[in-house]
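Q: See start-v2.cif below, with mmCIF, C-alpha atoms.
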data_run
loop_
_atom_site.label_atom_id
_atom_site.label_comp_id
_atom_site.auth_asym_id
_atom_site.auth_seq_id
_atom_site.Cartn_x
_atom_site.Cartn_y
_atom_site.Cartn_z
CA MET A 43 10.22 37.61 -40.61
CA ALA A 44 13.98 37.24 -41.06
CA ILE A 45 15.15 35.77 -37.75
CA VAL A 46 18.63 34.41 -37.20
CA ALA A 47 17.89 31.62 -34.71
CA ILE A 48 20.39 29.77 -32.59
CA GLY A 49 19.70 26.27 -31.36
CA ALA A 50 21.05 24.72 -28.27
CA LEU A 51 23.92 23.28 -30.29
CA LEU A 52 25.31 26.78 -29.79
CA ALA A 53 24.50 26.67 -26.10
CA GLY A 54 28.15 27.12 -25.25
CA CYS A 55 27.88 30.67 -26.55
CA ALA A 56 25.16 31.52 -24.06
CA GLY A 57 27.55 32.14 -21.22
CA GLN A 58 30.07 34.25 -23.11
CA GLY A 59 31.07 37.68 -21.97
CA GLY A 60 30.14 39.85 -19.01
CA THR A 61 30.03 39.29 -15.28
CA GLN A 62 28.30 36.16 -14.15
CA ALA A 63 24.91 36.76 -12.55
CA ARG A 64 23.87 34.45 -9.74
CA ALA A 65 20.88 32.18 -10.27
CA LEU A 66 20.23 31.58 -6.60
CA ASP A 67 17.24 31.76 -4.29
CA SER A 68 15.44 35.11 -4.52
CA THR A 69 15.42 35.35 -0.72
CA GLN A 70 18.85 36.93 -1.30
CA LEU A 71 17.25 39.90 -3.03
CA GLY A 72 16.88 42.01 0.10
CA SER A 73 14.06 44.43 0.92
CA THR A 74 14.27 46.40 -2.34
CA GLY A 75 14.08 43.17 -4.33
CA SER A 76 11.02 41.81 -2.56
CA PRO A 77 8.10 43.15 -4.57
CA GLY A 78 5.41 41.65 -2.35
CA PRO A 79 2.16 40.95 -4.20
CA ALA A 80 3.04 40.88 -7.89
CA ASP A 81 1.10 40.24 -11.07
CA PRO A 82 3.07 38.91 -14.05
CA VAL A 83 0.17 39.78 -16.36
CA ALA A 84 0.91 43.43 -15.59
CA LEU A 85 4.24 43.00 -17.40
CA ILE A 86 2.56 42.25 -20.72
CA GLY A 87 2.68 45.24 -23.06
CA ASN A 88 4.88 47.57 -25.10
CA TRP A 89 7.38 49.37 -22.89
CA ARG A 90 9.88 52.16 -23.37
CA LEU A 91 13.18 51.39 -21.67
CA ALA A 92 14.56 53.90 -19.19
CA GLU A 93 17.85 53.96 -17.25
CA VAL A 94 19.47 51.34 -19.49
CA ALA A 95 22.73 52.76 -20.86
CA GLU A 96 23.11 49.94 -23.41
CA GLU A 97 19.70 50.69 -24.96
CA PRO A 98 19.05 54.44 -24.61
CA ASP A 99 16.10 54.36 -27.04
CA GLY A 100 15.11 50.75 -26.63
CA ILE A 101 11.63 49.28 -26.59
CA LEU A 102 10.72 46.03 -24.87
CA ARG A 103 7.62 44.17 -26.02
CA LEU A 104 6.45 41.51 -23.60
CA ALA A 105 3.82 39.28 -25.21
CA PRO A 106 2.44 36.15 -23.53
CA ASP A 107 4.59 33.85 -25.68
CA GLN A 108 7.71 35.89 -26.43
CA ILE A 109 9.83 38.94 -25.71
CA GLN A 110 11.11 41.36 -28.34
CA LEU A 111 13.81 43.97 -27.81
CA PHE A 112 13.83 46.77 -30.39
CA GLY A 113 17.15 48.57 -30.07
CA ARG A 114 20.57 49.32 -31.43
CA CYS A 115 20.97 45.82 -32.91
CA GLY A 116 17.63 45.70 -34.67
CA MET A 117 15.18 43.31 -33.04
CA LEU A 118 16.14 40.52 -30.66
CA VAL A 119 13.64 37.74 -29.92
CA GLY A 120 13.44 35.39 -26.99
CA SER A 121 11.29 33.98 -24.22
CA TRP A 122 10.53 35.12 -20.68
CA ARG A 123 8.97 33.79 -17.50
CA ALA A 124 7.63 35.63 -14.47
CA ASP A 125 5.55 34.57 -11.48
CA ALA A 126 3.28 36.01 -8.82
CA GLY A 127 6.17 35.95 -6.34
CA GLY A 128 8.06 38.57 -8.35
CA LEU A 129 10.61 36.35 -10.11
CA PHE A 130 11.58 37.26 -13.67
CA VAL A 131 13.94 35.62 -16.16
CA VAL A 132 14.56 36.19 -19.85
CA GLY A 133 16.62 34.49 -22.55
CA MET A 134 17.20 35.70 -26.13
CA PHE A 135 17.79 33.30 -29.01
CA GLY A 136 17.26 35.16 -32.30
CA ALA A 137 17.85 38.46 -34.10
CA SER A 138 16.62 40.38 -37.11
CA GLY A 139 18.13 43.50 -38.65
CA ALA A 140 21.49 43.28 -36.88
CA GLU A 141 23.46 42.73 -40.08
CA GLY A 142 26.09 45.40 -40.68
CA ARG A 143 25.56 47.20 -37.38
CA THR A 144 28.72 47.91 -35.42
CA GLY A 145 29.03 45.82 -32.29
CA CYS A 146 26.10 43.59 -33.25
CA GLU A 147 28.00 40.69 -34.79
CA LYS A 148 26.87 38.32 -32.03
CA ALA A 149 23.33 39.67 -31.72
CA GLY A 150 20.94 36.81 -31.08
CA ARG A 151 23.69 34.41 -30.03
CA SER A 152 23.50 35.36 -26.37
CA THR A 153 21.29 37.36 -24.04
CA PRO A 154 22.51 40.96 -23.51
CA GLU A 155 24.24 41.34 -20.18
CA TRP A 156 21.74 43.79 -18.71
CA LEU A 157 18.91 41.34 -19.40
CA ARG A 158 20.94 38.51 -17.89
CA LEU A 159 21.15 40.46 -14.62
CA ILE A 160 17.39 40.65 -14.10
CA ARG A 161 16.07 38.43 -11.30
CA SER A 162 12.82 40.08 -10.20
CA TYR A 163 10.30 42.80 -10.95
CA ARG A 164 8.20 45.30 -9.06
CA LEU A 165 5.08 47.25 -10.01
CA GLU A 166 5.13 51.01 -9.36
CA GLY A 167 1.91 52.53 -10.63
CA GLU A 168 2.10 52.46 -14.42
CA THR A 169 5.84 51.78 -14.30
CA ARG A 170 7.46 48.36 -14.10
CA VAL A 171 10.85 48.04 -12.39
CA LEU A 172 13.29 45.24 -13.23
CA LEU A 173 15.82 44.34 -10.53
CA ASP A 174 19.02 42.32 -10.23
CA GLY A 175 19.90 39.66 -7.64
CA GLU A 176 20.79 42.29 -5.06
CA GLY A 177 17.56 44.24 -5.57
CA ALA A 178 19.29 47.02 -7.53
CA LEU A 179 17.60 48.70 -10.47
CA VAL A 180 18.39 47.25 -13.91
CA ALA A 181 15.70 48.97 -15.97
CA ARG A 182 12.44 50.85 -15.79
CA LEU A 183 9.63 50.05 -18.19
CA LEU A 184 7.53 53.06 -19.13
CA PRO A 185 4.17 52.75 -20.94
CA GLY A 186 3.33 54.21 -24.33
CA ALA A 187 6.03 52.63 -26.51
CA LYS A 188 5.31 52.21 -30.23
CA PRO A 189 7.64 49.75 -32.02
CA THR A 190 8.01 50.12 -35.78
CA ALA A 191 6.94 47.12 -37.83
CA GLY A 192 9.49 47.55 -40.64
CA PRO A 193 9.65 45.50 -43.87
CA ASN A 194 10.04 42.07 -42.24
CA LEU A 195 7.56 42.41 -39.41
CA ALA A 196 3.78 42.46 -39.60
CA ALA A 197 1.93 45.28 -37.88
CA SER A 198 0.22 42.74 -35.62
CA GLU A 199 3.63 41.77 -34.24
CA VAL A 200 4.21 45.21 -32.77
CA GLU A 201 0.72 46.04 -31.53
CA PRO A 202 0.17 45.98 -27.74
CA PRO A 203 -0.33 42.30 -26.84
CA GLU A 204 -3.85 41.22 -25.91
CA VAL A 205 -4.49 39.98 -22.38
CA THR A 206 -7.23 37.36 -22.50
CA ASP A 207 -8.80 35.20 -19.80
CA GLU A 208 -6.61 32.35 -21.04
CA VAL A 209 -3.50 34.50 -20.55
CA ARG A 210 -4.60 35.37 -17.01
CA ARG A 211 -5.11 31.69 -16.23
CA ARG A 212 -1.67 30.87 -17.64
CA PHE A 213 0.02 33.35 -15.30
CA ALA A 214 -2.09 32.54 -12.23
CA PRO A 215 -0.16 31.62 -9.06
CA ALA A 216 1.16 28.07 -9.23
CA ALA A 217 0.17 25.38 -6.78
CA ALA A 218 2.48 24.90 -3.81
CA VAL A 219 4.94 22.02 -3.67
CA ARG A 220 3.02 19.12 -2.18
CA ALA A 221 3.78 18.09 1.38
CA THR A 222 5.52 14.85 0.35
CA LEU A 223 8.30 16.85 -1.34
CA THR A 224 10.93 19.24 -0.02
CA PRO A 225 10.98 22.55 -1.95
CA ALA A 226 14.24 22.76 -3.91
CA ASP A 227 16.33 25.93 -3.72
CA GLY A 228 18.84 27.26 -6.22
CA ASP A 229 21.90 25.82 -4.50
CA ARG A 230 20.49 22.29 -4.64
CA LEU A 231 19.64 22.60 -8.33
CA VAL A 232 23.07 23.63 -9.63
CA GLY A 233 24.73 20.75 -11.47
CA ARG A 234 23.92 18.01 -13.96
CA TRP A 235 20.73 15.92 -13.80
CA VAL A 236 19.48 13.01 -15.92
CA PRO A 237 15.96 11.53 -16.25
CA ALA A 238 14.87 9.14 -13.50
CA PRO A 239 14.36 6.73 -15.06
CA GLY A 240 15.60 7.39 -18.56
CA PRO A 241 18.61 7.49 -20.86
CA GLU A 242 21.72 9.23 -19.54
CA THR A 243 22.21 10.74 -22.98
CA ALA A 244 19.36 13.06 -21.96
CA TYR A 245 20.28 15.61 -19.30
CA VAL A 246 19.88 19.12 -17.97
CA GLU A 247 22.73 21.05 -16.38
CA PHE A 248 21.85 24.07 -14.26
CA GLY A 249 24.71 26.58 -14.15
CA ALA A 250 25.30 28.95 -11.23
CA ASP A 251 25.42 31.77 -13.81
CA GLY A 252 21.70 31.39 -14.58
CA GLU A 253 22.19 29.41 -17.79
CA TRP A 254 21.07 25.85 -18.36
CA ARG A 255 21.93 23.50 -21.17
CA GLY A 256 20.86 19.98 -21.95
CA SER A 257 19.67 17.40 -24.41
CA ASP A 258 16.64 15.18 -24.89
CA GLY A 259 19.06 12.45 -25.95
CA CYS A 260 19.35 13.63 -29.56
CA ASN A 261 18.70 17.39 -29.68
CA GLY A 262 20.70 20.08 -27.93
CA GLN A 263 18.71 22.57 -25.84
CA ALA A 264 19.49 25.62 -23.71
CA GLY A 265 17.98 28.56 -21.87
CA ARG A 266 18.03 30.52 -18.64
CA TRP A 267 16.63 29.74 -15.19
CA ILE A 268 15.91 31.16 -11.77
CA ALA A 269 14.82 29.61 -8.47
CA GLY A 270 12.93 31.21 -5.62
CA PRO A 271 11.20 30.58 -2.29
CA GLY A 272 8.82 27.66 -1.92
CA GLY A 273 10.52 25.71 -4.68
CA ALA A 274 9.70 28.26 -7.39
CA LEU A 275 11.50 27.44 -10.63
CA LEU A 276 11.21 29.33 -13.91
CA ALA A 277 13.16 28.45 -17.05
CA THR A 278 13.20 29.83 -20.58
CA THR A 279 13.90 27.72 -23.64
CA GLY A 280 15.16 28.58 -27.11
CA PHE A 281 15.13 26.78 -30.43
CA SER A 282 16.21 23.17 -30.64
CA THR A 283 17.35 20.80 -33.36
CA LEU A 284 14.67 18.35 -34.52
CA ILE A 285 16.31 14.95 -34.73
CA GLY A 286 13.77 12.20 -34.15
CA CYS A 287 14.57 9.60 -31.50
CA ASP A 288 13.26 7.86 -28.39
CA HIS A 289 13.99 10.72 -26.06
CA ALA A 290 13.19 12.40 -22.73
CA PRO A 291 11.79 15.91 -23.36
CA VAL A 292 13.73 17.70 -20.62
CA GLY A 293 13.32 21.08 -22.34
CA ALA A 294 9.53 20.68 -22.38
CA TRP A 295 9.63 19.64 -18.72
CA LEU A 296 11.45 22.84 -17.81
CA SER A 297 9.30 25.16 -19.91
CA SER A 298 6.15 23.80 -18.25
CA SER A 299 7.56 23.82 -14.71
CA TRP A 300 6.68 26.39 -12.06
CA ARG A 301 8.06 24.62 -9.01
CA ALA A 302 10.64 21.99 -8.09
CA GLY A 303 10.72 19.64 -5.14
CA LEU A 304 12.97 16.89 -3.86
CA ASP A 305 11.76 13.36 -3.26
CA GLY A 306 14.79 12.19 -1.36
CA GLU A 307 17.58 12.73 -3.90
CA THR A 308 15.20 12.83 -6.88
CA LEU A 309 14.30 16.20 -8.39
CA VAL A 310 10.60 16.47 -9.25
CA LEU A 311 9.51 19.21 -11.67
CA LEU A 312 5.94 20.42 -11.18
CA ASP A 313 3.57 22.27 -13.48
CA ALA A 314 1.19 25.09 -12.50
CA ARG A 315 -1.34 22.63 -11.06
CA GLY A 316 1.29 20.86 -8.99
CA GLU A 317 1.34 17.82 -11.26
CA GLU A 318 4.61 16.15 -12.23
CA ALA A 319 6.25 17.33 -15.43
CA GLY A 320 9.31 15.11 -15.01
CA ARG A 321 11.74 13.47 -12.60
CA LEU A 322 15.52 13.80 -12.59
CA ARG A 323 18.41 12.35 -10.62
CA ARG A 324 21.97 13.53 -10.16
CA ALA A 325 24.25 12.43 -12.99
CA GLY A 326 27.01 10.04 -12.16
#
Any chance you could put this one into structure tokens?
A:
Amino acid sequence: MAIVAIGALLAGCAGQGGTQARALDSTQLGSTGSPGPADPVALIGNWRLAEVAEEPDGILRLAPDQIQLFGRCGMLVGSWRADAGGLFVVGMFGASGAEGRTGCEKAGRSTPEWLRLIRSYRLEGETRVLLDGEGALVARLLPGAKPTAGPNLAASEVEPPEVTDEVRRRFAPAAAVRATLTPADGDRLVGRWVPAPGPETAYVEFGADGEWRGSDGCNGQAGRWIAGPGGALLATTGFSTLIGCDHAPVGAWLSSSWRAGLDGETLVLLDARGEEAGRLRRAG
């Protein structure tokens, strides 16, 4: 499959263009943005996009391990995270078939603005509704979409994704932040953090625009993030360079994290079982 991938060395491109979308606590969503009981597994499938002016005939394929957007710029590829509290975040990092298409010169170098706006989801019968930080509609996902495989894509890569017991376990509600920690909200996360303990050459910087960038000490990394009630934290990651060194895998910490808590001034990232993925302290 011919994918033009961008590593985090191009992370500076991730925030280009468009209005900044807030990456703050989802308690700001309002009544229309509070989906109540939600099931992220119900998002998995092939969906026809509706009410998205930028992609009038677009198809969104949400598989357990990736997201694909079939639209005017060919196929964009990225990662997504969603939880049982209704949070949703997506980041694109690659493209195929965009060559020569008008307005698609930067396809794969940044996440399309309408996808950047999404902060939560809601289930409405067979329809899935994607919402922004104010609870306003960004897109509707309608069932029955049939992406075309094309010459560089195997048929298996466009079939409806399979939902297995393992997938259901992966998306099960995460353990709560343990009582010895204070749940971290979005405002507290914004800024630059370094491993505690660890080399200061490794870091993660959470931007208020919903982008994060960082390094394991040798390799640049980047993605998108969102925080929610109870210390919920979801982050996507893209490709990274592969320089070998004695490093701190901050990107892996983020991709495995479901919640974040504060131990005094130390940020503790927690996996689905509530176990520590990593510890960070404020830089400087």
Q: In Å to one decimal, how far is CA of Arg323 in chain A from CA of Ala244 in chain A?
A: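 Computing the Euclidean distance for CA of Ala244 in chain A and CA of Arg323 in chain A yields 11.4 Å.
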Q: Which of these residues is nearest to Leu129 in chain A, using all atoms listed in the file: A:Glu199, A:Glu155, A:Asp174, A:Glu97?
A: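 Once distances to Leu129 in chain A are computed over all atoms listed in the file, the minimum belongs to A:Asp174.
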Q: Set the distance at 8 Å and use only C-alpha atoms: which residues neighbour Ala277 in chain A once local chain neighbours fewer than 2 positions away are removed? I'd like the list as a ChimeraX atom specification.
A: /A:123,131,265-268,275,279,296-297,299
Q: What do you get, as a list of chain:residue names, if you spell out every residue that the PyMOL selection byres ((chain A and resi 321) around 9) selects here?
A: A:Val236, A:Pro237, A:Ala238, A:Pro239, A:Trp295, A:Thr308, A:Leu309, A:Val310, A:Leu311, A:Glu318, A:Ala319, A:Gly320, A:Leu322, A:Arg323
Q: Report, as JSON, the axis-aligned box around all atoms of range 144-149 of chain A present in the file, extended by 3 Å on each side; give centre and edge lengths in Å to one decimal place.
A:
{"center_x": 26.2, "center_y": 43.1, "center_z": -33.6, "size_x": 11.7, "size_y": 15.6, "size_z": 9.7}
Q: Name the residues, using the chain letters and numbers of the file, that sit within 12 Å of (-3.1, 25.1, -15.0) when counting all atoms listed in the file, and give them as a list of chain:residue names.
A: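 Every residue inside that radius is included here: A:Glu208, A:Val209, A:Arg210, A:Arg211, A:Arg212, A:Phe213, A:Ala214, A:Pro215, A:Ala216, A:Ala217, A:Ser298, A:Ser299, A:Trp300, A:Leu312, A:Asp313, A:Ala314, A:Arg315, A:Gly316, A:Glu317.
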Q: Using the chain letters and numbering of this document, enumerate as a ChimeraX atom specification the residues selected by the PyMOL selection byres ((chain A and resi 191) around 12).
A: /A:43,110,112,116-117,138-139,188-190,192-201
Q: Mind checking which residues fall within 8 Å of Met134 in chain A, counting all atoms listed in the file, ignoring those fewer than 6 positions away in the same chain, and posting them as a list in words?
A: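 Once the adjacent positions are removed, what remains is Leu118, Val119, Gly120, Ser121, Gly150, Arg151, Ser152, Thr153, Pro154 and Gly280 of chain A.
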Q: Evaluate the PyMOL selection byres ((chain A and resi 100) around 12) on the structure here and hand back the selected residues as a ChimeraX atom specification.
A: /A:88-99,101-103,110-118,181-184,187-190
Q: What does the distance between CA of Gly240 in chain A and CA of Arg324 in chain A come to in Å, to one decimal place?
A: 12.2 Å
Q: For a test of reading the model, state the distance in Å between CA of Gly136 in chain A and CA of Ala84 in chain A, rounded to one decimal.
A: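 It comes out at 24.8 Å.
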Q: Rank nothing, just name the residue among A:Asp258, A:Phe135, A:Pro82, A:Ile160 nearest to Lys148 in chain A, using only C-alpha atoms.
A: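 Going through A:Asp258, A:Phe135, A:Pro82, A:Ile160 one by one, the smallest distance to Lys148 in chain A is for A:Phe135.
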